[in-house]
Amino acid sequence: MTYDADALAQLEQDAAEILGRYPVKRSALLPLLHLVQSVDGYVSPDGIAFCANQVDLTSAEVSAVATFYTQYKRRPNGEYQVGVCTNTLCAIMGGDEIWRQVSERCGIGHDETTADGKITLERLECNAACDYAPVMMVNWEFFDNMTPDRALRVVDDILEGRDVVPTRGPAKVAPFKEVSRVLAGFEDGRADEDQGLGEPTVVGLKVAREQGWEDAK
C-alpha cells in the first residue's frame with residue numbers, strides 16, 4: 001500500500017473504531033469500504049488491500065463486494081455525485097428531459113466525470129421518492145419536484161463552486177468524501193439539520209386516518 005504514515009495511522013485508528021462495532025470482523029466490510037472511499041475519493045486498489053487486511057479476507061473477496069454496490073466507486077469520483085432518476089414515474093414526469101439537459105450541460109454521460117473533477121453523473125433507476133417525482137440526488141441528498149431549469153441551476157452552482165441546498169435533509173450538500181465518512185458511521189454533527197418528512201410523504205397516512213382505516217389484525 002502507498003498510504004503515507006500519517007494517513008495509514010488515521011485509517012487504522014478509524015478502522016479499529018468500526019471493527020469494534022461488530023462481533024465478526026467481516027461484518028465491518030461495508031463501512032470500511034466507505035472509510036477508504038472517504039480518503040481516496042473512490043475504492044482504490046490500496047483501499048481494497050487495506051480492507052482485506054482488516055477483515056481477514058482476500059482482495060478478490062473485497063473487490064467482489066465493492067463491485068456489487070453502486071455507492072462504491074472503482075475509479076476517482078467527482079466531488080459531487082449527481083444522479084437523475086429516469087425510472088418510470090420520474091421519466092414521464094420529466095426525468096428524461098432533465099437527464100438530457102444535465103448531461104448536455106456537463107458534457108458527460110452516465111458514470112462519467114467532468115474534466116475539473118466537480119461532477120460525476122449517474123442515471124438512476126429509482127430514488128424511492130416517487131411522491132416527489134421527478135427527483136434528482138446530489139451526494140444522495142434529495143432534490144424534489146425538479147424541472148430542467150432547476151436542475152441546471154443546481155449543476156451550475158456546483159460547477160461554479162457555490163453551495164447547493166437540498167429540498168430535504170441538511171442545510172447544504174457535503175462533498176463526496178465527507179459523505180462517505182458519514183456512511184462509514186462517523187457523525188458530522190449535522191443530524192439536527194434534517195428538515196423532516198414533507199406533506200406528499202404523509203398524505204396517504206392522512207387519508208387513512210380521515211377514513212378510519214386500520215391495519216389488518
# chains A, B, ... in the order shown; residues from 1 in each chain; ligands from 1
$ residues_around --residues "Ala91 of chain A" --least-positions-apart "4" --cutoff "12 Å" --atoms "only C-alpha atoms" --output "ChimeraX atom specification"
/A:84-87,95-100,123-126,130,133-136,146-147
$ closest_atom_pairs --of "segment 55-150 of chain A" --to "segment 164-181 of chain A" --cutoff "6 Å" --atoms "only C-alpha atoms" --output "tab-separated table"
residue	atom	partner	partner_atom	distance
A:Glu79	CA	A:Phe176	CA	5.2
A:Tyr80	CA	A:Phe176	CA	5.6
A:Phe142	CA	A:Pro166	CA	5.6
A:Phe143	CA	A:Pro166	CA	5.2
$ residues_around --residues "Gln101 of chain A" --least-positions-apart "5" --cutoff "9 Å" --atoms "only C-alpha atoms" --output "PyMOL selection string"
chain A and resi 96+106+148-149+151-152
$ select_by_dssp --residues "segment 24-215 of chain A" --states "strand (DSSP E)" --output "list of chain:residue names"
A:Tyr80, A:Gln81, A:Val82, A:Gly83, A:Val84, A:Cys85, A:Glu112, A:Thr113, A:Ile119, A:Thr120, A:Leu121, A:Glu122, A:Arg123, A:Leu124, A:Met136, A:Met137, A:Val138, A:Glu141, A:Phe142, A:Phe143
$ select_by_dssp --residues "segment 58-87 of chain A" --states "alpha helix (DSSP H)" --output "list in words"
Ser59, Ala60, Glu61, Val62, Ser63, Ala64, Val65 and Ala66 of chain A
$ closest_residue --among "A:Asn127, A:Thr70, A:Thr120, A:Thr113" --to "His34 of chain A" --atoms "only C-alpha atoms"
A:Thr70
$ residues_around --residues "Tyr3 of chain A" --least-positions-apart "5" --cutoff "10 Å" --atoms "only C-alpha atoms" --output "PyMOL selection string"
chain A and resi 8-9+11+39-40+46-47+50
$ closest_residue --among "A:Val102, A:Thr201, A:Gln81, A:Val207" --to "Arg150 of chain A" --atoms "only C-alpha atoms"
A:Val102
$ closest_residue --among "A:Val155, A:Asp116, A:Met137, A:Arg190" --to "Ser103 of chain A" --atoms "only C-alpha atoms"
A:Val155
